[in-house]
$ cat work_3.cif   # mmCIF, C-alpha atoms
data_coords
loop_
_atom_site.label_atom_id
_atom_site.label_comp_id
_atom_site.auth_asym_id
_atom_site.auth_seq_id
_atom_site.Cartn_x
_atom_site.Cartn_y
_atom_site.Cartn_z
CA MET L 1 200.02 70.08 85.63
CA ASN L 2 199.72 67.08 87.57
CA PRO L 3 196.30 65.45 87.87
CA GLU L 4 196.77 65.17 91.57
CA GLU L 5 197.29 68.86 91.90
CA THR L 6 194.03 69.75 90.21
CA THR L 7 191.92 67.44 92.23
CA GLY L 8 193.77 67.20 95.43
CA PRO L 9 193.29 68.98 98.67
CA GLY L 10 195.82 71.64 97.87
CA SER L 11 194.57 72.59 94.43
CA LEU L 12 193.00 75.88 93.40
CA GLU L 13 189.67 74.39 92.49
CA SER L 14 189.17 72.75 95.82
CA LYS L 15 189.72 75.92 97.80
CA ALA L 16 185.96 76.50 98.12
CA PRO L 17 184.84 75.84 101.65
CA THR L 18 182.72 72.79 102.08
CA PRO L 19 180.21 72.59 104.84
CA PRO L 20 181.46 70.56 107.70
CA VAL L 21 179.95 67.15 107.90
CA ASN L 22 179.28 65.90 111.36
CA GLN L 23 179.32 62.26 111.65
CA ASP L 24 177.61 60.40 114.34
CA LYS L 25 180.34 58.40 115.87
CA LYS L 26 178.13 55.52 116.78
CA LYS L 27 176.11 55.19 113.55
CA GLY L 28 178.48 56.56 110.99
CA THR L 29 175.89 58.77 109.28
CA SER L 30 176.08 62.44 108.60
CA ALA L 31 173.76 64.84 110.51
CA ARG L 32 171.76 67.71 109.06
CA PRO L 33 173.46 70.98 108.40
CA GLU L 34 172.89 73.68 110.97
CA LYS L 35 169.90 76.02 110.50
CA VAL L 36 170.53 79.34 108.89
CA LYS L 37 169.67 82.15 111.31
CA THR L 38 167.08 84.66 110.09
CA SER L 39 167.56 88.37 110.36
CA GLY L 40 165.47 90.56 112.74
CA PHE L 41 163.48 92.06 109.85
CA GLN L 42 162.43 88.65 108.60
CA ALA L 43 161.34 87.62 112.10
CA VAL L 44 159.24 90.78 112.48
CA MET L 45 157.61 90.22 109.08
CA ARG L 46 156.85 86.62 109.95
CA ASN L 47 155.27 87.70 113.27
CA ILE L 48 153.21 90.38 111.50
CA GLY L 49 152.04 87.81 108.97
CA LEU L 50 151.02 85.41 111.72
CA GLY L 51 149.24 88.23 113.55
CA LEU L 52 147.27 89.13 110.42
CA LEU L 53 146.41 85.48 109.87
CA PHE L 54 145.08 85.14 113.43
CA LEU L 55 143.21 88.44 113.05
CA LEU L 56 141.49 87.15 109.91
CA ILE L 57 140.64 83.88 111.61
CA GLY L 58 139.21 85.81 114.59
CA ALA L 59 137.13 88.03 112.30
CA LEU L 60 135.80 84.96 110.54
CA VAL L 61 134.87 83.37 113.88
CA VAL L 62 133.12 86.57 115.05
CA THR L 63 131.29 86.81 111.73
CA LEU L 64 130.11 83.23 111.90
CA ALA L 65 129.26 83.26 115.59
CA LEU L 66 127.69 86.70 116.01
CA TYR L 67 126.96 88.49 112.77
CA LEU L 68 125.19 85.78 110.78
CA PRO L 69 122.64 84.90 113.51
CA ALA L 70 122.03 88.61 114.14
CA GLN L 71 121.58 89.19 110.39
CA SER L 72 119.09 86.32 110.30
CA LYS L 73 117.12 87.79 113.20
CA LEU L 74 117.18 91.23 111.57
CA THR L 75 115.81 89.82 108.32
CA LYS L 76 113.01 88.04 110.18
CA ALA L 77 112.22 91.23 112.11
CA GLN L 78 112.07 93.27 108.89
CA VAL L 79 109.65 90.76 107.35
CA GLU L 80 107.50 90.96 110.50
CA VAL L 81 107.54 94.78 110.42
CA GLU L 82 106.37 94.76 106.80
CA ARG L 83 103.58 92.34 107.67
CA LEU L 84 102.53 94.46 110.64
CA ALA L 85 102.63 97.65 108.54
CA GLU L 86 100.04 96.13 106.20
CA ILE L 87 97.91 95.12 109.17
CA GLU L 88 98.21 98.62 110.65
CA THR L 89 97.04 100.14 107.37
CA GLN L 90 94.05 97.81 107.32
CA TYR L 91 93.35 98.60 110.98
CA ASN L 92 93.37 102.35 110.32
CA ASP L 93 90.97 101.92 107.39
CA LEU L 94 88.66 99.75 109.48
CA GLN L 95 88.85 102.19 112.40
CA ALA L 96 87.67 105.04 110.17
CA LYS L 97 84.82 102.90 108.83
CA PHE L 98 83.90 101.84 112.36
CA ASN L 99 83.73 105.46 113.53
CA LEU L 100 81.47 106.32 110.61
CA VAL L 101 79.17 103.38 111.35
CA LYS L 102 79.12 104.33 115.03
CA GLU L 103 78.10 107.91 114.17
CA GLN L 104 75.44 106.66 111.76
CA SER L 105 74.01 104.25 114.32
CA GLY L 106 73.78 107.10 116.86
CA VAL L 107 71.91 109.25 114.35
CA TYR L 108 69.56 106.39 113.42
CA LYS L 109 68.89 105.68 117.11
CA THR L 110 68.04 109.35 117.60
CA ILE L 111 65.72 109.22 114.55
CA SER L 112 64.03 106.15 116.01
CA ASP L 113 63.53 107.79 119.40
CA ALA L 114 62.24 110.97 117.69
CA SER L 115 59.68 108.85 115.82
CA LEU L 116 58.57 107.30 119.10
CA LEU L 117 58.34 110.81 120.60
CA GLN L 118 56.12 111.82 117.70
CA VAL L 119 53.82 108.87 118.41
CA ALA L 120 53.72 109.76 122.13
CA LEU L 121 52.90 113.40 121.31
CA THR L 122 50.15 112.32 118.93
CA GLU L 123 48.62 110.08 121.61
CA LYS L 124 49.12 112.85 124.21
CA ASP L 125 50.52 110.32 126.71
CA THR L 126 52.61 112.47 129.09
CA THR L 127 54.48 109.51 130.59
CA LYS L 128 55.62 108.30 127.17
CA VAL L 129 56.39 111.86 126.10
CA ASN L 130 58.62 112.45 129.14
CA GLN L 131 60.32 109.09 128.66
CA GLN L 132 60.97 109.69 124.94
CA LEU L 133 62.22 113.23 125.65
CA ARG L 134 64.82 111.75 128.03
CA TYR L 135 65.85 109.15 125.40
CA VAL L 136 66.22 111.74 122.65
CA GLU L 137 68.20 114.01 124.97
CA GLU L 138 70.55 111.12 125.88
CA ASP L 139 70.93 110.29 122.19
CA LEU L 140 71.82 113.88 121.33
CA ASN L 141 74.39 114.01 124.14
CA ALA L 142 75.89 110.71 122.95
CA LEU L 143 76.28 111.89 119.36
CA GLY L 144 79.95 112.54 118.76
CA ILE L 145 79.90 113.95 115.25
CA MET L 146 83.03 116.00 114.80
CA ASP L 147 82.56 116.71 111.09
CA PHE L 148 79.32 118.68 111.53
CA PRO L 149 79.38 120.51 114.90
CA GLU L 150 77.05 123.27 113.65
CA ILE L 151 74.35 120.70 112.81
CA LEU L 152 74.68 119.19 116.27
CA GLN L 153 74.24 122.62 117.87
CA ARG L 154 71.19 123.28 115.73
CA LEU L 155 69.68 119.93 116.71
CA GLN L 156 70.20 120.66 120.39
CA SER L 157 68.58 124.10 120.12
CA GLN L 158 65.63 122.59 118.22
CA PHE L 159 65.29 119.89 120.87
CA SER L 160 65.15 122.45 123.67
CA LYS L 161 62.25 124.11 121.77
CA ILE L 162 60.54 120.71 121.52
CA LYS L 163 60.94 120.17 125.28
CA THR L 164 59.34 123.47 126.16
CA SER L 165 56.55 123.03 123.59
CA ALA L 166 55.80 119.45 124.67
CA GLN L 167 54.80 120.62 128.15
CA ALA L 168 52.36 123.26 126.92
CA ASP L 169 51.22 122.55 123.37
CA SER L 170 51.57 119.15 121.69
CA ALA L 171 50.67 120.60 118.24
CA GLY L 172 53.53 123.13 118.45
CA ALA L 173 55.85 120.38 119.67
CA LEU L 174 54.87 118.20 116.70
CA SER L 175 55.76 120.94 114.19
CA GLU L 176 59.10 121.55 115.97
CA LEU L 177 59.68 117.77 116.05
CA ASP L 178 59.03 117.61 112.30
CA GLU L 179 61.85 120.13 111.66
CA PHE L 180 64.07 118.25 114.10
CA TYR L 181 63.34 114.99 112.29
CA LYS L 182 64.18 116.50 108.88
CA ASP L 183 67.52 117.80 110.21
CA LEU L 184 68.32 114.33 111.58
CA LEU L 185 67.63 112.79 108.18
CA LEU L 186 69.83 115.42 106.54
CA LEU L 187 72.61 114.62 109.00
CA ALA L 188 72.25 110.88 108.28
CA ASP L 189 72.57 111.61 104.54
CA ASN L 190 75.67 113.73 105.07
CA LEU L 191 77.41 110.99 107.05
CA GLU L 192 77.42 108.57 104.13
#
$ encode --input "work_3.cif" --output "structure tokens"
Amino acid sequence: MNPEETTGPGSLESKAPTPPVNQDKKKGTSARPEKVKTSGFQAVMRNIGLGLLFLLIGALVVTLALYLPAQSKLTKAQVEVERLAEIETQYNDLQAKFNLVKEQSGVYKTISDASLLQVALTEKDTTKVNQQLRYVEEDLNALGIMDFPEILQRLQSQFSKIKTSAQADSAGALSELDEFYKDLLLLADNLE
């Protein structure tokens, strides 16, 4: 074979198509080859990929802009709730102690007024007796002892006996007052 035939334009080896080269007439350089067109499936996949990318970016923006500050506020609120729960527990304990002290002070005030009534009955001073009877009656009405309602009823019935006895017989009123006084002391002991 002839060397020209194997390398020339009409040879078998040179039958492969070569991409056309466009030359710029003014500059004498070759231009880029034309873009290869993508199929419809590849375009759809590329659009889906871009959509997922933008979705992830949007989720990241929402997370950073909304979720993290809300999470921070929630954490602070939970810490505050825990702090307030401890304070509420302390408050409830103190409230129970306060109610006990309030009941005890009412009983001790009644004991004090009963002692003053005893002095007034001993002196047979009707003005002081009437005044102390009013004070003891007010004290009994102010007592709000829920734990021992039967003792409170007994005290009130004893006091009504004292009131009737104080008008007629101071000696009988003193003996009734002595029982009343003992029941008040018993009530004071039970409140502790």
$ closest_residue --input "work_3.cif" --among "L:Tyr135, L:Phe98, L:Phe148, L:Phe54" --to "Ser115 in chain L" --atoms "only C-alpha atoms"
L:Tyr135
$ residues_near_point --input "work_3.cif" --point "(57.0, 117.1, 117.4)" --cutoff "7 Å" --atoms "all atoms listed in the file" --output "list in words"
Gln118, Leu121, Ile162, Ala173, Leu174, Ser175, Glu176, Leu177 and Asp178 of chain L
$ atom_distance --input "work_3.cif" --atom1 "CA of Leu143 in chain L" --atom2 "CA of Thr127 in chain L"
24.6 Å
$ closest_residue --input "work_3.cif" --among "L:Gln95, L:Ser165, L:Gln158, L:Thr122" --to "Leu140 in chain L" --atoms "all atoms listed in the file"
L:Gln158
$ atom_distance --input "work_3.cif" --atom1 "CA of Ala188 in chain L" --atom2 "CA of Asn92 in chain L"
22.9 Å
$ resolve_selection --input "work_3.cif" --expression "the PyMOL selection byres ((chain L and resi 142) around 12)" --output "ChimeraX atom specification"
/L:102-107,109-110,135-141,143-145,152,156
$ atom_distance --input "work_3.cif" --atom1 "CA of Leu55 in chain L" --atom2 "CA of Thr75 in chain L"
27.8 Å
